[in-house]
Amino acid sequence: MKKYQEFKQVDYPKIGEDVLAFWKNNAVFEKSISNREGAPSYTFYEGPPSANGTPGIHHVMARAIKDVFCRYKTLKGFQVKRKGGWDTHGLPVELQVEKELGITKEDIGKKISVEEYNQKCRETVMRYKHEWDNLTEQIGYWVDLDDPYITFDVKYVESLWHLLKKLYEKDLIYKGYTIQPYSPAAGTGLSSHELNQPGSYRDVKDTSITAQFKVKGEEDLYILAWTTTPWTLPSNSALAIGEKLDYVKVKTFNPYTFAPQTVLLAKARMSAYFNPKGAEADLSAYKPGDKVIPYQVVEEIKGKDLIGMKYEQLFPIDALALPEPAFTVISADYVTTEDGTGIVHLAKAFGADDFRTLVQQDVPGIFLKDEKGMEIPIVDKKGKFLPVVGEYLLSKMEEHSIQVHKTFTADDFYVKNYTHDDENDKAYKSTDVIISIILKNENKAFKVEKYEHSYPHCWRTDMPILYYPLESWFIKTTAYKDKLVAFNKTINWKPESTGTGRFGNWLENLVDWNLSRSRFWGTPLPIWRNKEGTQTRCIGSVAELEAAIEESIAKGYMKESPYKGKEVDLHRPFVDDIVLVAENGDKMFREPDLIDVWFDSGAMPYAQWHYPFENEEIFKANYPADFIAEGVDQTRGWFFTLHTLAVMLFDSVAFKNVIANGLVLDKNGNKMSKRLGNAVDPFKTLKEFGPDALRWYMLSNANPWDNLKFNKEGVVEVQRRFFGTLQNTYNFFALYANLDAFAYDAANVIPVNERPELDRWILSKLQSLIKETETAYENYDITPASRAIMNFTVDQLSNWYVRLARKRFWRGDMNADKQAAYETLYECLEVIAGLMSPVAPFYSDWLYQNLTSSLENKTLSVHLTDWKPSNEALINLSLENSMQLAQDISSLVHSLRKKERLKVRQPLQKVLIPVLNAETKGLIEHVEDLIKSEVNIKSIEYIDDTSDILVKSVKPNFALLGKRFGPKMKAVNQLIQQWGKEEIAQIEKEGQVEISIDGEAATLKLEEVLIQSQDIPGWSVATDNGITVALDVTLSTELKEEGIARDFVNRIQNFRKDMGLEVQDKIRIHIAPLNATVDKALLNFSDYIKTETQALGLTLDGDSNNSTVLDMDEFELAVKVEKV
RNA sequence: GGGCCUGUAGCUCAGGUGGUUAGAGCGCUACACUGAUAAUGUAGAGGUCCGUGGUUCGAGUCCACGCAGGCCCA
């Protein structure tokens, strides 16, 4: 009866399917969790994917990473619950629906009701759930798909509202503004994706000014700053320099007023502003109107030395006066010397960079107050200067007699041509031009010119957009910056640089989290306000909302609840219809925004359990997460929102360990895209290779945080090299174990210390492997773990252990030696199945079940076993060293044989191995037999110091001597290189030698030099790794005869195979006599030949007519083989 | 423009704290072995360690500045 199933060929995809079916039928996943009831829990959070698109090959990688550690920790005895989840809100969903319905955002609420639209979104969002579930199953990602959290679920949203209210109560939510693209012509903000529509950016010619800002307390020193939006200059409140850039003060004249002055700009930008001829011109000889304006650099200054310099306001309008530290030079990291002056003008209201920089450095911006006391920019929402500025400009136009195409009032200064004035009118002057002329006249402009650049336009009106402050709701994350940074330092990031760099730097430069999105499908902001914005209420639960509705109905603001007679839905439009009562009795309306969809996913630790309304115990037991993993692109997405909510609301991290994996690119390193057709279909790939090789390839090829250049060839290689070898090894075991009716019985194994050396060696290696793998998994390093398993399997187990132990398996009957071999190989295979199971869950389980199928009390699946810790007592490093020497020496002998053209079948008398110390000699002696049989040599002789034939060489031990001698190392090296026999002998004998370096005496110790044997004159020698081997190539008669005999065995074996004989079939051999040498050789070794070939008889009574002719290279032999 | 990652053989990747012959697998070529056989072994060819400077007795490794590719953010 065959106890171990044998396989002619393996179908890896089929193994995947079979094992998957087995898991399903036996509820193995469920058991892997229920088995650990009461055990410590290891918490994993699933970052929710969005199922409105099909999964790609990169999802295989991301999901495999998650799976590996959940499986590993289960083996280690933890209970690992993993709840699946779906991300269902957000812009991508809406865009897809818009596209399918053929509508734009404008049409929502007009051509289609918000209710219908959102219904459509809800239907779309799970469209590909089936494919996702399929992929998840097929790649063996164990996650609970039956009870996932879904972010549009009313319970989920209710938890979000609860968290928002908590933030609100902590005074961490406020209404403010950010600088966003805004179209005054259309009267609406534009999203970044609207701005990225083709055709939005257009090349336009604008008036650009290099303005002069007069430095306070200096006679005639001006800072130069360049802008393509002169209309923002009245809003200037600071100038920014680059700290590392070089600046110069240049003495020259103003080209418009001809006044003598000194200007400040970046050194690298001088060529853009000065005619080189001016450098040679005489400053004192300058006359107003001269074409060449002389200049002279009077001082060079580092950017950082300019910080804090004060200057006068460019447009000194009384209403726009600002306190300190306005009108100061500050630094900003984005300042360059690519264009302009290397000094950037900052207007807080009209540039996102400007805004951020000024907020971070606490510099006020130019704003006015409206009737409600709210700050407003000096350009209104129509794109027109407020009258305060208009009056100033009007008076300056009069003062400087500026002639224009129409009569201006103070309320006419549009910053772009939104009034469609005729630009071809000769007298047409834009506001930018008017500002330029004023500045020119007032010695405040250094250069004015038309400048062509790319500028964004509104796709609806074709008019230029402005960057403009728009109202938004914010979470005051900056208030918790220090805590966010401190908690981040306790998180174990893989790779570390993503935590300290990408994420850490982002936290250091934190701005408040802009929560508002003006869209339709998402979690509504649960904030109601009265018209004046003086009364605000934040709703934190469904119950609270319903009570508030009742209140409102009682007050007569609402007729009835929108949820009357149906389920509560917290989405738009239902919540929009709810009017609440303020404390002062005012009507309150919901703020129309949705919240950022990242809040949804960042709140999943709480909302997935409907915390705090339900499941408080489960939540607490599973918080924070021990482990999460997502792509590095989530750094500012999910990783950030998880972290922020945890720190701000729960004074905790949300996750302790995180892997941020890289991208999956195509094999040429290009981004995969469906459009380019280079995307790899995960389902096809799975069909071709099965799940295990795919997972193994993706995780072992390179660290997961490096981008993976996905190449099918790589999967093929992994499959062939690792899985193929492992499969071969198993098949080898199964074949012979079945022949010998061997069955592993853990209760009756031969104790390891009674097993042969080779067995103890591979078991020692195996324990080392367990240790190595465990350490790697514990450090969240999959790649080193999988590589170690692969190398052990291929190099140590298959190519060395099995190769050397082969004969033990097929020679003779069952005995202790044979049993030890079976047991050892079995134990190795079983351990490998366990070690590899997190990465290759299907194949490992299949292997495990094949191995254990005959056991009485077997465990159902490898995934339900316990991690078998490394048994330190079995680790024998000196044995491992010995074996390493055996491998090295064998390799050297092989290379010598190759050089001498002596095939391994030809036995040779001896090798000489020089050994310089007793320890090495002992190590080699240990494995002498092994080496002899491996390379077919009769004896090994050692040459030690007492023999004269050894030639040694010496070189310094640089690591030791370098530290000691430092700069004198060159001389020491030279000296040592010149040593001959005597010096080497002396240091070996006395352990030290006196030397003299640059006249100074010093003592060199033996360990400070490296002595190697180099050559044995007159022998064929090979050296590697400090080991030298010499081969005796003389062939005695007996050796020749043995060579012939072994050759003969080889031919007979091949012949047997050709005859189709089974391993156990017996034969008789009849040879036609050839000549004395050959006949004698065959007779002398007839016993050997008979044993090897399973021959009962070997006789020289063949008949050349009735035989097969064997080609023996140097001669031919007529032989007849008959089956007995 | 900023932050971070990557750059070592034709390809995919290793190369703690700097130490003098830079490694592995695949691929290629040749040879061998052969009761694991659609397996295996050995050898050979193949390197400006992205570049330029610097620190050092000594740099693939440390520092600076670049170049190329990628991601995120502007």
# chains A, B, ... in the order shown; residues from 1 in each chain; ligands from 1
call {"tool": "select_by_dssp", "arguments": {"residues": "stretch 215-307 of chain A", "states": "helix (DSSP H, G or I)", "output": "list in words"}}
result
Pro230, Trp231, Thr232, Leu233, Pro234, Ser235, Lys267, Ala268, Arg269, Met270, Ser271, Ala272, Tyr273, Lys277, Gly278, Ala279, Glu280, Leu283, Ser284, Ala285, Gly303, Lys304, Asp305 and Leu306 of chain A
call {"tool": "write_last_selection", "arguments": {"atoms": "N, CA, C and O atoms", "output": "CSV table (one decimal), in the first residue's frame"}}
result
chain,number,residue,atom,x,y,z
A,230,PRO,N,0.3,91.0,-11.4
A,230,PRO,CA,0.5,92.3,-10.7
A,230,PRO,C,-0.6,92.7,-9.8
A,230,PRO,O,-0.4,93.4,-8.8
A,231,TRP,N,-1.8,92.2,-10.1
A,231,TRP,CA,-3.0,92.6,-9.3
A,231,TRP,C,-2.9,92.0,-7.9
A,231,TRP,O,-3.7,92.4,-7.0
A,232,THR,N,-2.0,91.1,-7.7
A,232,THR,CA,-1.8,90.5,-6.3
A,232,THR,C,-0.9,91.4,-5.5
A,232,THR,O,-0.8,91.2,-4.3
A,233,LEU,N,-0.2,92.4,-6.1
A,233,LEU,CA,0.8,93.1,-5.4
A,233,LEU,C,0.2,94.0,-4.2
A,233,LEU,O,0.8,94.1,-3.2
A,234,PRO,N,-1.0,94.5,-4.4
A,234,PRO,CA,-1.6,95.3,-3.2
A,234,PRO,C,-1.8,94.3,-2.0
A,234,PRO,O,-1.9,94.8,-0.9
A,235,SER,N,-1.9,93.0,-2.3
A,235,SER,CA,-2.1,92.1,-1.2
A,235,SER,C,-0.8,91.6,-0.6
A,235,SER,O,-0.8,90.7,0.2
A,267,LYS,N,22.0,86.0,-7.1
A,267,LYS,CA,23.2,86.1,-7.9
A,267,LYS,C,23.0,85.4,-9.2
A,267,LYS,O,23.3,86.0,-10.3
A,268,ALA,N,22.3,84.3,-9.2
A,268,ALA,CA,22.1,83.5,-10.4
A,268,ALA,C,21.2,84.2,-11.4
A,268,ALA,O,21.1,83.7,-12.5
A,269,ARG,N,20.4,85.2,-10.9
A,269,ARG,CA,19.4,85.8,-11.8
A,269,ARG,C,19.9,87.1,-12.4
A,269,ARG,O,19.2,87.8,-13.2
A,270,MET,N,21.2,87.5,-12.1
A,270,MET,CA,21.7,88.8,-12.6
A,270,MET,C,21.6,89.0,-14.1
A,270,MET,O,21.3,90.0,-14.6
A,271,SER,N,22.0,87.9,-14.8
A,271,SER,CA,22.1,87.9,-16.2
A,271,SER,C,20.7,88.3,-16.9
A,271,SER,O,20.6,88.8,-17.9
A,272,ALA,N,19.6,88.0,-16.2
A,272,ALA,CA,18.3,88.3,-16.7
A,272,ALA,C,17.9,89.8,-16.6
A,272,ALA,O,17.0,90.2,-17.2
A,273,TYR,N,18.7,90.5,-15.7
A,273,TYR,CA,18.3,91.9,-15.4
A,273,TYR,C,19.3,92.9,-15.9
A,273,TYR,O,19.0,94.1,-15.9
A,277,LYS,N,27.3,94.7,-20.6
A,277,LYS,CA,28.1,95.9,-20.9
A,277,LYS,C,28.1,96.8,-19.8
A,277,LYS,O,29.0,97.6,-19.6
A,278,GLY,N,27.0,96.8,-19.0
A,278,GLY,CA,26.8,97.7,-17.8
A,278,GLY,C,27.9,97.5,-16.8
A,278,GLY,O,28.2,98.4,-16.0
A,279,ALA,N,28.5,96.3,-16.7
A,279,ALA,CA,29.5,96.0,-15.7
A,279,ALA,C,30.7,96.8,-15.9
A,279,ALA,O,31.4,97.2,-15.0
A,280,GLU,N,31.0,97.1,-17.2
A,280,GLU,CA,32.2,97.9,-17.5
A,280,GLU,C,32.0,99.4,-17.4
A,280,GLU,O,32.9,100.2,-17.3
A,283,LEU,N,29.7,104.1,-13.3
A,283,LEU,CA,28.5,104.6,-12.6
A,283,LEU,C,28.3,106.1,-12.6
A,283,LEU,O,27.3,106.6,-12.8
A,284,SER,N,29.4,106.7,-12.4
A,284,SER,CA,29.4,108.2,-12.2
A,284,SER,C,29.2,108.9,-13.6
A,284,SER,O,28.7,110.0,-13.6
A,285,ALA,N,29.4,108.1,-14.7
A,285,ALA,CA,29.3,108.8,-16.0
A,285,ALA,C,27.8,108.6,-16.5
A,285,ALA,O,27.5,109.1,-17.6
A,303,GLY,N,21.2,83.7,1.5
A,303,GLY,CA,19.8,83.9,1.7
A,303,GLY,C,19.4,83.9,3.2
A,303,GLY,O,18.6,84.8,3.6
A,304,LYS,N,20.0,83.0,4.0
A,304,LYS,CA,19.5,83.0,5.3
A,304,LYS,C,19.8,84.3,6.1
A,304,LYS,O,19.2,84.5,7.1
A,305,ASP,N,20.8,85.0,5.6
A,305,ASP,CA,21.2,86.3,6.3
A,305,ASP,C,20.2,87.4,5.9
A,305,ASP,O,20.3,88.5,6.5
A,306,LEU,N,19.3,87.2,5.0
A,306,LEU,CA,18.3,88.2,4.6
A,306,LEU,C,17.1,88.1,5.5
A,306,LEU,O,16.2,89.0,5.5
call {"tool": "interface_residues", "arguments": {"of": "chain A", "to": "chain B", "cutoff": "8 Å", "atoms": "only C-alpha atoms (C1' of nucleotides)", "output": "ChimeraX atom specification"}}
result
/A:333-336,353,497-498,501-502,505-506,632-633,635-636,701-702,706-707,714,717,728-729,731-732,799,891,894-895,898,903-904,957-959,962,966-970,1053,1063
call {"tool": "atom_distance", "arguments": {"atom1": "atom CA of A:Tyr72", "atom2": "atom CA of A:Gly499"}}
result
23.8 Å
call {"tool": "closest_residue", "arguments": {"among": "A:Pro184, A:Arg901, A:Leu892, A:Val1119", "to": "A:Val1021", "atoms": "only C-alpha atoms"}}
result
A:Leu892
call {"tool": "atom_distance", "arguments": {"atom1": "atom CA of A:Lys981", "atom2": "atom CA of A:Glu1008"}}
result
17.3 Å
call {"tool": "atom_distance", "arguments": {"atom1": "atom CA of A:Gly991", "atom2": "atom CA of A:Lys955"}}
result
15.4 Å
call {"tool": "residues_around", "arguments": {"residues": "stretch 61-65 of chain B", "least_positions_apart": "2", "cutoff": "12 Å", "atoms": "only C-alpha atoms (C1' of nucleotides)", "output": "mmCIF file with C-alpha atoms (C1' of nucleotides), in the first residue's frame"}}
result
data_model
loop_
_atom_site.group_PDB
_atom_site.id
_atom_site.type_symbol
_atom_site.label_atom_id
_atom_site.label_comp_id
_atom_site.auth_asym_id
_atom_site.auth_seq_id
_atom_site.Cartn_x
_atom_site.Cartn_y
_atom_site.Cartn_z
ATOM 1 C "C1'" U B 8 26.029 46.759 -8.661
ATOM 2 C "C1'" G B 15 26.632 43.010 -0.544
ATOM 3 C "C1'" G B 16 25.983 44.754 9.306
ATOM 4 C "C1'" U B 17 29.607 49.048 11.901
ATOM 5 C "C1'" G B 18 34.690 51.473 5.394
ATOM 6 C "C1'" G B 19 39.576 46.680 4.980
ATOM 7 C "C1'" A B 22 32.481 42.711 -5.461
ATOM 8 C "C1'" C B 49 29.447 49.159 -8.488
ATOM 9 C "C1'" G B 51 28.594 60.430 -12.774
ATOM 10 C "C1'" U B 52 31.888 64.207 -10.586
ATOM 11 C "C1'" G B 53 34.282 65.937 -6.458
ATOM 12 C "C1'" G B 54 35.589 65.179 -1.218
ATOM 13 C "C1'" U B 55 36.918 62.619 3.626
ATOM 14 C "C1'" U B 56 40.481 58.371 4.496
ATOM 15 C "C1'" A B 59 35.222 53.950 -0.552
ATOM 16 C "C1'" C B 67 22.278 62.586 -13.700
#
call {"tool": "residues_around", "arguments": {"residues": "A:Phe258", "least_positions_apart": "3", "cutoff": "10 Å", "atoms": "only C-alpha atoms (C1' of nucleotides)", "output": "PyMOL selection string"}}
result
chain A and resi 252-255+261+286-290+293+443
call {"tool": "select_by_dssp", "arguments": {"residues": "stretch 364-584 of chain A", "states": "strand (DSSP E)", "output": "ChimeraX atom specification"}}
result
/A:368-369,375-376,445-456,466-475,492-494,513-514,516-517,527-529,536-538,580-581
call {"tool": "residues_around", "arguments": {"residues": "A:Ser878", "least_positions_apart": "3", "cutoff": "12 Å", "atoms": "only C-alpha atoms (C1' of nucleotides)", "output": "number ranges by chain"}}
result
A: 757, 760-761, 764-765, 874-875, 881-885, 919-920, 922-924, 926-927
call {"tool": "residues_around", "arguments": {"residues": "stretch 982-987 of chain A", "least_positions_apart": "6", "cutoff": "10 Å", "atoms": "only C-alpha atoms (C1' of nucleotides)", "output": "count of residues only"}}
result
13
call {"tool": "residues_around", "arguments": {"residues": "B:A45", "least_positions_apart": "6", "cutoff": "12 Å", "atoms": "only C-alpha atoms (C1' of nucleotides)", "output": "list in words"}}
result
A9, C28, U29 and A30 of chain B
call {"tool": "write_last_selection", "arguments": {"atoms": "C-alpha atoms (C1' of nucleotides)", "output": "mmCIF file, in the first residue's frame"}}
result
data_model
loop_
_atom_site.group_PDB
_atom_site.id
_atom_site.type_symbol
_atom_site.label_atom_id
_atom_site.label_comp_id
_atom_site.auth_asym_id
_atom_site.auth_seq_id
_atom_site.Cartn_x
_atom_site.Cartn_y
_atom_site.Cartn_z
ATOM 1 C "C1'" A B 9 27.092 41.174 -14.649
ATOM 2 C "C1'" C B 28 24.729 31.957 -22.558
ATOM 3 C "C1'" U B 29 29.008 28.434 -23.739
ATOM 4 C "C1'" A B 30 31.551 23.893 -22.739
#
